[in-house]
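To start, the structure under review is shown below, and the notes come after it.
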Amino acid sequence: MNNIHLFAAFFIIYFLSGCAVGYEPWAEFQDKLIGKKAWRMEPHRFENAGELIRADYLVAGEGFTHTSVNENGDIIQHWFDAEVLPNFYNKNEMRGHKEWIGKCKFYLVVDPETYVIKSWGHDEGGNPQSCRHWP
């Protein structure tokens, strides 16, 4: 095997190993936040809010939009991460999946005294399937 073929094989393996598309890797990342300190306690707008961040199908969300308090007195941080646009789905092409379209909105439940994240969940008005890791 010559050097060109070896390089091509290495490149293909390297490229394919970096493709972690999907909801499960995103949910695993969120699960890893539990037990860690929240990095922000005040709402914060993403600098690129509303801008395209992936070709013509993914727009940056607003960021940490607001807080509320649950019945236990925990702080609920509401986040709007990104929005998958409808033009990502095309039934004639294999460009995406219709169920991914929508807004990735989630919340973090934070202890008001220690600021440790207790849990997370999907917020109203969002589509859980739009919360994904993109290659």
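The way I read the labels, and the way they are meant: chains A, B, ... in the order of the structure tokens, residue 1 as the first residue of every chain, and ligand 1 as the first ligand shown, with later ones counted on from there.
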
Determine, counting only C-alpha atoms, which protein, DNA and RNA residues have an atom within 10 Å of an atom of Tyr23 of chain A; residues of the same chain fewer than 3 positions away are not included. Present the result as a ChimeraX atom specification.
/A:20,26-29,100,128-134

Among chain A, which ones does DSSP place in strand (DSSP E), written as an NGL selection string?
:A and (44-45 or 52-54 or 58-69 or 75-84 or 102-110 or 117-122)

Store the residues picked out above in a file with C-alpha atoms, as a PDB file, in the first residue's frame.
```pdb
ATOM      1  CA  HIS A  44     -26.721  35.768  29.895  1.00  0.00           C
ATOM      2  CA  ARG A  45     -27.354  36.223  26.175  1.00  0.00           C
ATOM      3  CA  LEU A  52     -26.444  30.764  11.697  1.00  0.00           C
ATOM      4  CA  ILE A  53     -23.967  28.419  13.339  1.00  0.00           C
ATOM      5  CA  ARG A  54     -24.222  25.387  11.016  1.00  0.00           C
ATOM      6  CA  LEU A  58     -28.875  25.606  12.844  1.00  0.00           C
ATOM      7  CA  VAL A  59     -29.284  28.995  14.529  1.00  0.00           C
ATOM      8  CA  ALA A  60     -27.784  29.960  17.882  1.00  0.00           C
ATOM      9  CA  GLY A  61     -30.349  30.342  20.647  1.00  0.00           C
ATOM     10  CA  GLU A  62     -30.725  33.164  23.150  1.00  0.00           C
ATOM     11  CA  GLY A  63     -28.645  31.565  25.916  1.00  0.00           C
ATOM     12  CA  PHE A  64     -29.546  31.648  29.633  1.00  0.00           C
ATOM     13  CA  THR A  65     -32.876  33.454  29.299  1.00  0.00           C
ATOM     14  CA  HIS A  66     -34.325  33.682  32.820  1.00  0.00           C
ATOM     15  CA  THR A  67     -34.711  32.053  36.211  1.00  0.00           C
ATOM     16  CA  SER A  68     -37.642  30.866  38.263  1.00  0.00           C
ATOM     17  CA  VAL A  69     -38.040  29.064  41.592  1.00  0.00           C
ATOM     18  CA  ILE A  75     -33.412  27.967  41.295  1.00  0.00           C
ATOM     19  CA  ILE A  76     -34.509  26.916  37.816  1.00  0.00           C
ATOM     20  CA  GLN A  77     -32.236  28.217  35.059  1.00  0.00           C
ATOM     21  CA  HIS A  78     -33.986  28.340  31.670  1.00  0.00           C
ATOM     22  CA  TRP A  79     -31.730  27.929  28.623  1.00  0.00           C
ATOM     23  CA  PHE A  80     -32.412  28.262  24.892  1.00  0.00           C
ATOM     24  CA  ASP A  81     -29.424  26.620  23.188  1.00  0.00           C
ATOM     25  CA  ALA A  82     -30.160  26.406  19.448  1.00  0.00           C
ATOM     26  CA  GLU A  83     -32.870  26.028  16.834  1.00  0.00           C
ATOM     27  CA  VAL A  84     -32.908  23.514  13.993  1.00  0.00           C
ATOM     28  CA  GLY A 102     -37.439  22.999  16.656  1.00  0.00           C
ATOM     29  CA  LYS A 103     -35.818  24.744  19.574  1.00  0.00           C
ATOM     30  CA  CYS A 104     -33.473  23.173  22.089  1.00  0.00           C
ATOM     31  CA  LYS A 105     -34.816  24.529  25.372  1.00  0.00           C
ATOM     32  CA  PHE A 106     -33.834  23.017  28.683  1.00  0.00           C
ATOM     33  CA  TYR A 107     -33.554  23.915  32.336  1.00  0.00           C
ATOM     34  CA  LEU A 108     -31.093  23.273  35.130  1.00  0.00           C
ATOM     35  CA  VAL A 109     -32.269  22.820  38.723  1.00  0.00           C
ATOM     36  CA  VAL A 110     -29.726  24.575  40.970  1.00  0.00           C
ATOM     37  CA  ILE A 117     -26.748  21.526  39.709  1.00  0.00           C
ATOM     38  CA  LYS A 118     -29.228  18.944  40.982  1.00  0.00           C
ATOM     39  CA  SER A 119     -30.911  17.896  37.747  1.00  0.00           C
ATOM     40  CA  TRP A 120     -31.938  19.046  34.300  1.00  0.00           C
ATOM     41  CA  GLY A 121     -34.889  18.623  31.963  1.00  0.00           C
ATOM     42  CA  HIS A 122     -36.490  19.876  28.770  1.00  0.00           C
TER      43      HIS A 122
END
```

Could you pull out the alpha helix (DSSP H) residues of segment 15-83 of chain A from DSSP and send them as a list in words?
Phe15, Leu16, Ser17, Tyr23, Glu24, Pro25, Trp26, Ala27, Glu28, Phe29, Gln30, Asp31, Lys32 and Leu33 of chain A

Go ahead and dump the residues you just picked, N, CA and C atoms, as a PDB file, in the first residue's frame.
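Listing of out-v8.pdb after writing:
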```
ATOM      1  N   PHE A  15     -11.898  10.900  10.487  1.00  0.00           N
ATOM      2  CA  PHE A  15     -13.111  11.685  10.245  1.00  0.00           C
ATOM      3  C   PHE A  15     -14.339  10.984  10.812  1.00  0.00           C
ATOM      4  N   LEU A  16     -14.492   9.713  10.562  1.00  0.00           N
ATOM      5  CA  LEU A  16     -15.660   8.977  11.024  1.00  0.00           C
ATOM      6  C   LEU A  16     -15.692   8.838  12.542  1.00  0.00           C
ATOM      7  N   SER A  17     -14.555   8.787  13.183  1.00  0.00           N
ATOM      8  CA  SER A  17     -14.533   8.648  14.640  1.00  0.00           C
ATOM      9  C   SER A  17     -14.970   9.926  15.339  1.00  0.00           C
ATOM     10  N   TYR A  23     -28.866  12.938  19.864  1.00  0.00           N
ATOM     11  CA  TYR A  23     -29.430  13.375  21.123  1.00  0.00           C
ATOM     12  C   TYR A  23     -28.727  12.719  22.310  1.00  0.00           C
ATOM     13  N   GLU A  24     -28.395  11.433  22.190  1.00  0.00           N
ATOM     14  CA  GLU A  24     -27.800  10.732  23.333  1.00  0.00           C
ATOM     15  C   GLU A  24     -26.488  11.346  23.790  1.00  0.00           C
ATOM     16  N   PRO A  25     -25.549  11.709  22.904  1.00  0.00           N
ATOM     17  CA  PRO A  25     -24.335  12.374  23.389  1.00  0.00           C
ATOM     18  C   PRO A  25     -24.646  13.704  24.079  1.00  0.00           C
ATOM     19  N   TRP A  26     -25.660  14.417  23.594  1.00  0.00           N
ATOM     20  CA  TRP A  26     -26.038  15.685  24.218  1.00  0.00           C
ATOM     21  C   TRP A  26     -26.595  15.439  25.618  1.00  0.00           C
ATOM     22  N   ALA A  27     -27.463  14.452  25.764  1.00  0.00           N
ATOM     23  CA  ALA A  27     -28.046  14.127  27.071  1.00  0.00           C
ATOM     24  C   ALA A  27     -26.963  13.643  28.033  1.00  0.00           C
ATOM     25  N   GLU A  28     -25.990  12.876  27.540  1.00  0.00           N
ATOM     26  CA  GLU A  28     -24.887  12.429  28.392  1.00  0.00           C
ATOM     27  C   GLU A  28     -24.089  13.619  28.901  1.00  0.00           C
ATOM     28  N   PHE A  29     -23.882  14.618  28.040  1.00  0.00           N
ATOM     29  CA  PHE A  29     -23.179  15.833  28.463  1.00  0.00           C
ATOM     30  C   PHE A  29     -23.965  16.534  29.573  1.00  0.00           C
ATOM     31  N   GLN A  30     -25.274  16.639  29.415  1.00  0.00           N
ATOM     32  CA  GLN A  30     -26.105  17.270  30.443  1.00  0.00           C
ATOM     33  C   GLN A  30     -26.044  16.480  31.748  1.00  0.00           C
ATOM     34  N   ASP A  31     -26.065  15.161  31.657  1.00  0.00           N
ATOM     35  CA  ASP A  31     -25.983  14.325  32.859  1.00  0.00           C
ATOM     36  C   ASP A  31     -24.687  14.571  33.627  1.00  0.00           C
ATOM     37  N   LYS A  32     -23.607  14.847  32.915  1.00  0.00           N
ATOM     38  CA  LYS A  32     -22.314  15.090  33.564  1.00  0.00           C
ATOM     39  C   LYS A  32     -22.293  16.396  34.351  1.00  0.00           C
ATOM     40  N   LEU A  33     -23.247  17.288  34.097  1.00  0.00           N
ATOM     41  CA  LEU A  33     -23.313  18.548  34.835  1.00  0.00           C
ATOM     42  C   LEU A  33     -23.851  18.366  36.249  1.00  0.00           C
TER      43      LEU A  33
END
```

Exercise: Asn87 of chain A partners within 9 Å, only C-alpha atoms, chain neighbours under 5 positions left out, as JSON, numbers by chain
{"A": [56, 57, 101]}

Suppose you want the space between atom CA of Thr114 of chain A and atom CA of Ala38 of chain A; what is it in Å?
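These atoms are spaced 9.2 Å apart.
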